[in-house]
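For reference, the structure is listed below as structure tokens.
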Amino acid sequence: MSIIGTRGYPSFYGGFETAVRRLVPAFADAGWDVTVYGRPGGQKAGADRDRRVTVRTTRGLETKALSTLTYGFTAVLDALLRRTQAALVMNVANGFWLPLLRLRGIPVAVNVDGIEWERAKWGRLARAVFRAGAWMTARFADVIIVDAEAIGDYWREKYGRESVFIPYGGDPADATVVPLDLDDRGYVLVVARFVPENTIGEFLDAIEMLPDDRDVVIVGSSGYGGELEERAARIAGARSNVRWLGHLSDDELLHALWTHAGVYFHGHSVGGTNPALVQAMALGAPTLALDTVYNREVLGQEHGQFVRADAAEIARGISALIDDSSEQDRISATSRTRAESRYSWSSVTQTYETTMRRLVQKG
């Protein structure tokens with residue numbers, strides 16, 4: 001089996017890479033011969049790696065607009081030459097290359113992620129590419145995988161395709177030590193890539209409305225620099241209570257930050273089931289989330305609080321929750337229970353393995 005469309009293994013870049021780190025050992029345990037395709041520098045040196053898994057690096061154009069397409073193309077070509085048994089493809093932009101796999105008789109499952117062309121970071125051309133890739137995916141993929149039921153509804157209504165719902169999972173962790181000399185349940189946390197659709201700009205506005213003694217931890221970056229990174233750096237430089245850690249690949253520290261946060265703000269406005277939100281739930285972080293259909297699907301109606309993308313409303317929500325220890329405890333307990341029952345990695349990996357095995361048997 002080949003996994004195509006991520007930065008590699010093991011990688012800590014984003015949701016797809018998080019899933020791959022959990023999936024490939026499970027596939028290997030089930031007897032699969034697994035190859036993960038990636039990019040130069042996409043794997044973290046020294047990170048734990050299952051030695052049963054083959055990692056292949058191909059070439060592409062390392063640009064914001066063309067990286068997914070070009071790396072996906074070269075990975076597909078390599079997989080064709082090696083006559084892979086099946087392919088698990090991440091991201092609809094790689095839908096352009098599915099006819100090549102079909103011509104060789106290779107069954108393909110595609111994790112379509114969110115609705116990429118709704119993301120503000122993409123220009124008109126990129127959005128058109130994603131729409132075209134989605135159409136190709138609907139036409140040529142053998143199985144469509146969605147990580148949120150709302151995304152499945154969209155693919156059914158828009159393209160007439162049924163899908164398999166497989167969300168992300170979360171890891172419980174025994175993070176007893178409060179990190180970075182912070183106070184337990186006394187700080188505000190955000191973990192997100194610095195793009196407009198993650199409401200980072202509004203969050204930065206909101207924290208400037210908070211008291212100067214309110215600790216804030218910001219985890220994330222754009223990966224390409226830009227205005228949001230510059231602003232986060234300015235705020236952290238001017239206010240001793242604000243810490244910007246940038247992109248963080250230390251799972252132990254990140255899990256401790258979620259576990260002991262007083263408020264975790266989750267501002268993702270597009271996409272499906274977000275892996276950061278699921279992980280925050282598994283660790284019992286009291287969550288204040290942007291009010292979207294996706295965030296309500298994951299959190300349910302009672303396992304978090306919701307706000308609009310308005311800085312003043314976000315600031316009020318943060319202040320109310322961080323000063324309410326009983327509400328923090330309630331959300332923490334119920335979100336852990338929901339994550340365990342609905343978003344466990346054991347059930348996620350088992351469903352992926354079953355889906356891929358049925359795909360091969362059908363083919």
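Following the order of the structure tokens, chains are lettered A, B, ..., residues in each are numbered from 1, and ligands are numbered from 1.
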Please build the interface table for segment 94-116 of chain A against segment 56-75 of chain A with a cut-off of 10 Å, listing for each qualifying residue the nearest atom pair and the distance in Å to one decimal; count only C-alpha atoms, order rows by chain and increasing number, and write it as a tab-separated table.
residue	atom	partner	partner_atom	distance
A:Asn94	CA	A:Gly72	CA	5.8
A:Gly95	CA	A:Leu69	CA	9.1
A:Phe96	CA	A:Leu69	CA	8.2
A:Trp97	CA	A:Phe73	CA	6.4
A:Leu98	CA	A:Phe73	CA	9.6
A:Leu100	CA	A:Phe73	CA	9.7
Closest pair table for segment 105-139 of chain A residues within 8 Å of segment 197-201 of chain A, only C-alpha atoms, as CSV:
residue,atom,partner,partner_atom,distance
A:Arg119,CA,A:Glu197,CA,6.2
A:Ala120,CA,A:Glu197,CA,6.0
A:Lys121,CA,A:Glu197,CA,7.7
Contact check, segment 53-124 of chain A to segment 3-6 of chain A, at most 6 Å, counting only C-alpha atoms, closest pairs as JSON lines:
{"residue": "A:Gly72", "atom": "CA", "partner": "A:Gly5", "partner_atom": "CA", "distance": 5.6}
{"residue": "A:Ala87", "atom": "CA", "partner": "A:Ile3", "partner_atom": "CA", "distance": 5.9}
{"residue": "A:Leu88", "atom": "CA", "partner": "A:Ile3", "partner_atom": "CA", "distance": 4.8}
{"residue": "A:Val89", "atom": "CA", "partner": "A:Ile4", "partner_atom": "CA", "distance": 4.8}
{"residue": "A:Met90", "atom": "CA", "partner": "A:Gly5", "partner_atom": "CA", "distance": 4.7}
Choose the residue, out of A:Asp329, A:Ala148, A:Ile218, A:Ser346, that has the smallest atom-to-atom separation from Asn295 of chain A; count only C-alpha atoms.
-> A:Ala148
Looking at only C-alpha atoms, which of A:Gly169, A:Ile151, A:Trp122, A:Arg131 is the one that sits closest to Thr349 of chain A?
->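 Of A:Gly169, A:Ile151, A:Trp122, A:Arg131, the one nearest Thr349 of chain A, counting only C-alpha atoms, is A:Gly169.
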So how many Å separate atom CA of Val191 of chain A and atom CA of Ser347 of chain A, to one decimal?
->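 According to the coordinates, atom CA of Val191 of chain A and atom CA of Ser347 of chain A are separated by 24.8 Å.
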Nearby residues (only C-alpha atoms) at most 7 Å from Ala141 of chain A, same-chain spacing under 4 positions excluded, as a ChimeraX atom specification | /A:98,108-110,137
Please build the interface table for segment 111-216 of chain A against segment 257-262 of chain A with a cut-off of 12 Å, listing for each qualifying residue the nearest atom pair and the distance in Å to one decimal; count only C-alpha atoms, order rows by chain and increasing number, and write it as a Markdown table.
| residue | atom | partner | partner_atom | distance |
| --- | --- | --- | --- | --- |
| A:Gly170 | CA | A:Trp258 | CA | 11.9 |
| A:Asp171 | CA | A:Thr259 | CA | 11.4 |
| A:Pro172 | CA | A:Thr259 | CA | 9.5 |
| A:Ala173 | CA | A:Thr259 | CA | 8.3 |
| A:Asp174 | CA | A:Thr259 | CA | 8.8 |
| A:Ala175 | CA | A:Thr259 | CA | 6.7 |
| A:Thr176 | CA | A:Thr259 | CA | 8.4 |
| A:Val177 | CA | A:His260 | CA | 8.6 |
| A:Val178 | CA | A:His260 | CA | 6.2 |
| A:Pro179 | CA | A:Leu257 | CA | 6.4 |
| A:Leu180 | CA | A:Leu257 | CA | 8.7 |
| A:Asp181 | CA | A:Leu257 | CA | 11.0 |
| A:Leu182 | CA | A:His260 | CA | 8.7 |
| A:Asp183 | CA | A:His260 | CA | 7.9 |
| A:Asp184 | CA | A:His260 | CA | 5.1 |
| A:Arg185 | CA | A:Gly262 | CA | 3.6 |
| A:Gly186 | CA | A:Gly262 | CA | 5.0 |
| A:Tyr187 | CA | A:Gly262 | CA | 5.2 |
| A:Val188 | CA | A:Gly262 | CA | 5.9 |
| A:Leu189 | CA | A:Ala261 | CA | 6.3 |
| A:Val190 | CA | A:Trp258 | CA | 9.1 |
| A:Val191 | CA | A:Trp258 | CA | 9.1 |
| A:Arg214 | CA | A:Gly262 | CA | 10.7 |
| A:Asp215 | CA | A:Gly262 | CA | 9.8 |
| A:Val216 | CA | A:Ala261 | CA | 9.5 |
Any chance you could export the current selection's N, CA and C atoms as a compact mmCIF listing (two decimals), in the first residue's frame?
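Saved the output as selection14.txt:
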# COMPACT_ATOMS: atom_id res chain seq x y z
N GLY A 170 -7.75 11.09 19.13
CA GLY A 170 -7.03 11.84 20.14
C GLY A 170 -6.33 10.91 21.10
N ASP A 171 -5.23 11.37 21.66
CA ASP A 171 -4.44 10.57 22.60
C ASP A 171 -4.62 11.07 24.02
N PRO A 172 -5.12 10.24 24.93
CA PRO A 172 -5.05 10.63 26.35
C PRO A 172 -3.59 10.70 26.77
N ALA A 173 -3.29 11.53 27.74
CA ALA A 173 -1.91 11.66 28.20
C ALA A 173 -1.90 11.99 29.68
N ASP A 174 -0.89 11.50 30.35
CA ASP A 174 -0.74 11.74 31.79
C ASP A 174 0.24 12.89 31.99
N ALA A 175 -0.21 14.11 31.68
CA ALA A 175 0.64 15.29 31.77
C ALA A 175 0.39 15.97 33.11
N THR A 176 1.04 15.49 34.14
CA THR A 176 0.77 15.99 35.50
C THR A 176 1.50 17.29 35.81
N VAL A 177 2.58 17.56 35.10
CA VAL A 177 3.38 18.76 35.38
C VAL A 177 2.90 19.91 34.51
N VAL A 178 2.58 21.03 35.15
CA VAL A 178 2.16 22.23 34.41
C VAL A 178 3.39 22.80 33.69
N PRO A 179 3.30 23.03 32.37
CA PRO A 179 4.49 23.42 31.62
C PRO A 179 4.82 24.91 31.75
N LEU A 180 6.07 25.24 31.45
CA LEU A 180 6.54 26.62 31.26
C LEU A 180 6.28 27.52 32.47
N ASP A 181 6.24 26.94 33.68
CA ASP A 181 6.00 27.71 34.90
C ASP A 181 4.67 28.46 34.88
N LEU A 182 3.70 27.93 34.16
CA LEU A 182 2.37 28.53 34.11
C LEU A 182 1.52 28.03 35.27
N ASP A 183 0.37 28.66 35.46
CA ASP A 183 -0.56 28.22 36.50
C ASP A 183 -1.61 27.29 35.90
N ASP A 184 -1.89 26.20 36.59
CA ASP A 184 -2.90 25.25 36.14
C ASP A 184 -4.24 25.95 35.98
N ARG A 185 -4.84 25.81 34.80
CA ARG A 185 -6.12 26.43 34.45
C ARG A 185 -6.08 27.95 34.51
N GLY A 186 -4.87 28.51 34.39
CA GLY A 186 -4.75 29.96 34.52
C GLY A 186 -4.33 30.68 33.26
N TYR A 187 -4.21 29.96 32.13
CA TYR A 187 -3.73 30.62 30.91
C TYR A 187 -4.61 30.27 29.71
N VAL A 188 -4.50 31.12 28.70
CA VAL A 188 -5.25 30.97 27.45
C VAL A 188 -4.32 30.35 26.41
N LEU A 189 -4.82 29.42 25.65
CA LEU A 189 -4.01 28.71 24.65
C LEU A 189 -4.70 28.73 23.29
N VAL A 190 -3.93 28.95 22.25
CA VAL A 190 -4.40 28.73 20.89
C VAL A 190 -3.36 27.89 20.17
N VAL A 191 -3.82 26.93 19.36
CA VAL A 191 -2.94 26.06 18.57
C VAL A 191 -3.51 26.04 17.15
N ARG A 214 -2.86 38.43 32.31
CA ARG A 214 -3.47 37.18 31.86
C ARG A 214 -2.51 36.47 30.92
N ASP A 215 -2.02 35.30 31.33
CA ASP A 215 -1.07 34.56 30.50
C ASP A 215 -1.72 34.00 29.25
N VAL A 216 -1.02 34.12 28.14
CA VAL A 216 -1.49 33.63 26.85
C VAL A 216 -0.34 32.88 26.18
Long-range neighbours of Arg308 of chain A as a list of chain:residue names, 9 Å cut-off, only C-alpha atoms, 2 positions minimum in chain |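 The residues satisfying every condition are A:Ala289, A:Leu290, A:Asp291, A:Thr292, A:Phe306, A:Asp310, A:Ala311, A:Glu313, A:Ile314.
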So which residues of segment 172-302 of chain A fall under alpha helix (DSSP H) by DSSP, listed as a PyMOL selection string?
-> chain A and resi 200-207+227-238+251-260+275-282+293-299
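Using only C-alpha atoms for every distance, the candidate list A:Leu81, A:Val348, A:Leu283, A:Val293 yields A:Leu283 as the residue closest to Ser332 of chain A.
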Take atom CA of Asp250 of chain A and atom CA of Ala192 of chain A and report the distance between them in Å, one decimal.
->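 The value is 14.7 Å.
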Find, counting only C-alpha atoms, the residue in A:Lys362, A:Arg231, A:Arg338, A:Arg82 that gets nearest to Glu297 of chain A.
->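 Of the candidates, the smallest distance to Glu297 of chain A is held by A:Arg338.
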Which polymer residues have any atom within 7 Å of an atom of segment 154-165 of chain A, counting only C-alpha atoms, with same-chain residues fewer than 4 positions away left out, as JSON, numbers by chain?
-> {"A": [138, 143, 144, 145, 146, 147, 148, 149, 150]}
Atoms to include: C-alpha atoms. Write the selected residues as a tab-separated table (two decimals), in the first residue's frame.
chain	number	residue	atom	x	y	z
A	138	ALA	CA	-15.47	12.26	-7.47
A	143	VAL	CA	-13.63	5.24	-2.13
A	144	ILE	CA	-14.16	8.71	-0.70
A	145	ILE	CA	-13.11	9.20	2.93
A	146	VAL	CA	-14.42	12.18	4.90
A	147	ASP	CA	-13.41	13.19	8.41
A	148	ALA	CA	-16.73	14.87	9.24
A	149	GLU	CA	-20.31	13.88	8.59
A	150	ALA	CA	-21.05	17.39	7.31
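Using only C-alpha atoms for every distance, the candidate list A:Gly42, A:Thr334, A:Val263, A:Val195 yields A:Val263 as the residue closest to Arg316 of chain A.
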From segment 251-293 of chain A, collect each residue whose DSSP state is strand (DSSP E or B) and return the set as number ranges by chain.
-> A: 263-266, 287-290
Generate the output file for the selected residues, N, CA and C atoms, as a PDB file, in the first residue's frame.
ATOM      1  N   VAL A 263      -8.347  28.054  29.135  1.00  0.00           N
ATOM      2  CA  VAL A 263      -9.200  28.171  27.951  1.00  0.00           C
ATOM      3  C   VAL A 263      -8.361  27.796  26.735  1.00  0.00           C
ATOM      4  N   TYR A 264      -8.876  26.883  25.931  1.00  0.00           N
ATOM      5  CA  TYR A 264      -8.285  26.617  24.626  1.00  0.00           C
ATOM      6  C   TYR A 264      -9.205  27.229  23.584  1.00  0.00           C
ATOM      7  N   PHE A 265      -8.696  28.189  22.810  1.00  0.00           N
ATOM      8  CA  PHE A 265      -9.504  28.804  21.761  1.00  0.00           C
ATOM      9  C   PHE A 265      -9.258  28.070  20.453  1.00  0.00           C
ATOM     10  N   HIS A 266     -10.352  27.603  19.842  1.00  0.00           N
ATOM     11  CA  HIS A 266     -10.274  26.878  18.577  1.00  0.00           C
ATOM     12  C   HIS A 266     -11.049  27.679  17.534  1.00  0.00           C
ATOM     13  N   THR A 287     -12.776  24.232  26.150  1.00  0.00           N
ATOM     14  CA  THR A 287     -12.673  24.762  24.790  1.00  0.00           C
ATOM     15  C   THR A 287     -13.706  25.847  24.520  1.00  0.00           C
ATOM     16  N   LEU A 288     -13.206  26.943  23.962  1.00  0.00           N
ATOM     17  CA  LEU A 288     -14.032  28.012  23.415  1.00  0.00           C
ATOM     18  C   LEU A 288     -13.821  27.968  21.906  1.00  0.00           C
ATOM     19  N   ALA A 289     -14.843  27.597  21.158  1.00  0.00           N
ATOM     20  CA  ALA A 289     -14.680  27.340  19.724  1.00  0.00           C
ATOM     21  C   ALA A 289     -15.505  28.300  18.887  1.00  0.00           C
ATOM     22  N   LEU A 290     -15.010  28.544  17.695  1.00  0.00           N
ATOM     23  CA  LEU A 290     -15.785  29.298  16.723  1.00  0.00           C
ATOM     24  C   LEU A 290     -17.049  28.508  16.400  1.00  0.00           C
TER      25      LEU A 290
END
Please identify all polymer residues within 7 Å of segment 103-107 of chain A, counting only C-alpha atoms, omitting same-chain residues fewer than 5 positions from it, and present them as a PyMOL selection string.
-> chain A and resi 85-87+142+359-360+363
Write a file of the just-selected residues containing C-alpha atoms, as a short mmCIF file (atom, residue, chain, number, x, y, z; two decimals), in the first residue's frame.
data_model
loop_
_atom_site.label_atom_id
_atom_site.label_comp_id
_atom_site.auth_asym_id
_atom_site.auth_seq_id
_atom_site.Cartn_x
_atom_site.Cartn_y
_atom_site.Cartn_z
CA GLN A 85 -1.21 -2.87 -4.36
CA ALA A 86 -3.45 0.05 -3.36
CA ALA A 87 -3.19 3.77 -2.72
CA ASP A 142 -12.92 4.14 -5.71
CA LEU A 359 -11.07 -1.92 -1.37
CA VAL A 360 -8.36 -4.40 -2.40
CA GLY A 363 -10.68 -4.78 -6.86
#
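The gap separating atom CA of Arg239 of chain A from atom CA of Gln328 of chain A is 25.7 Å, in Å to one decimal.
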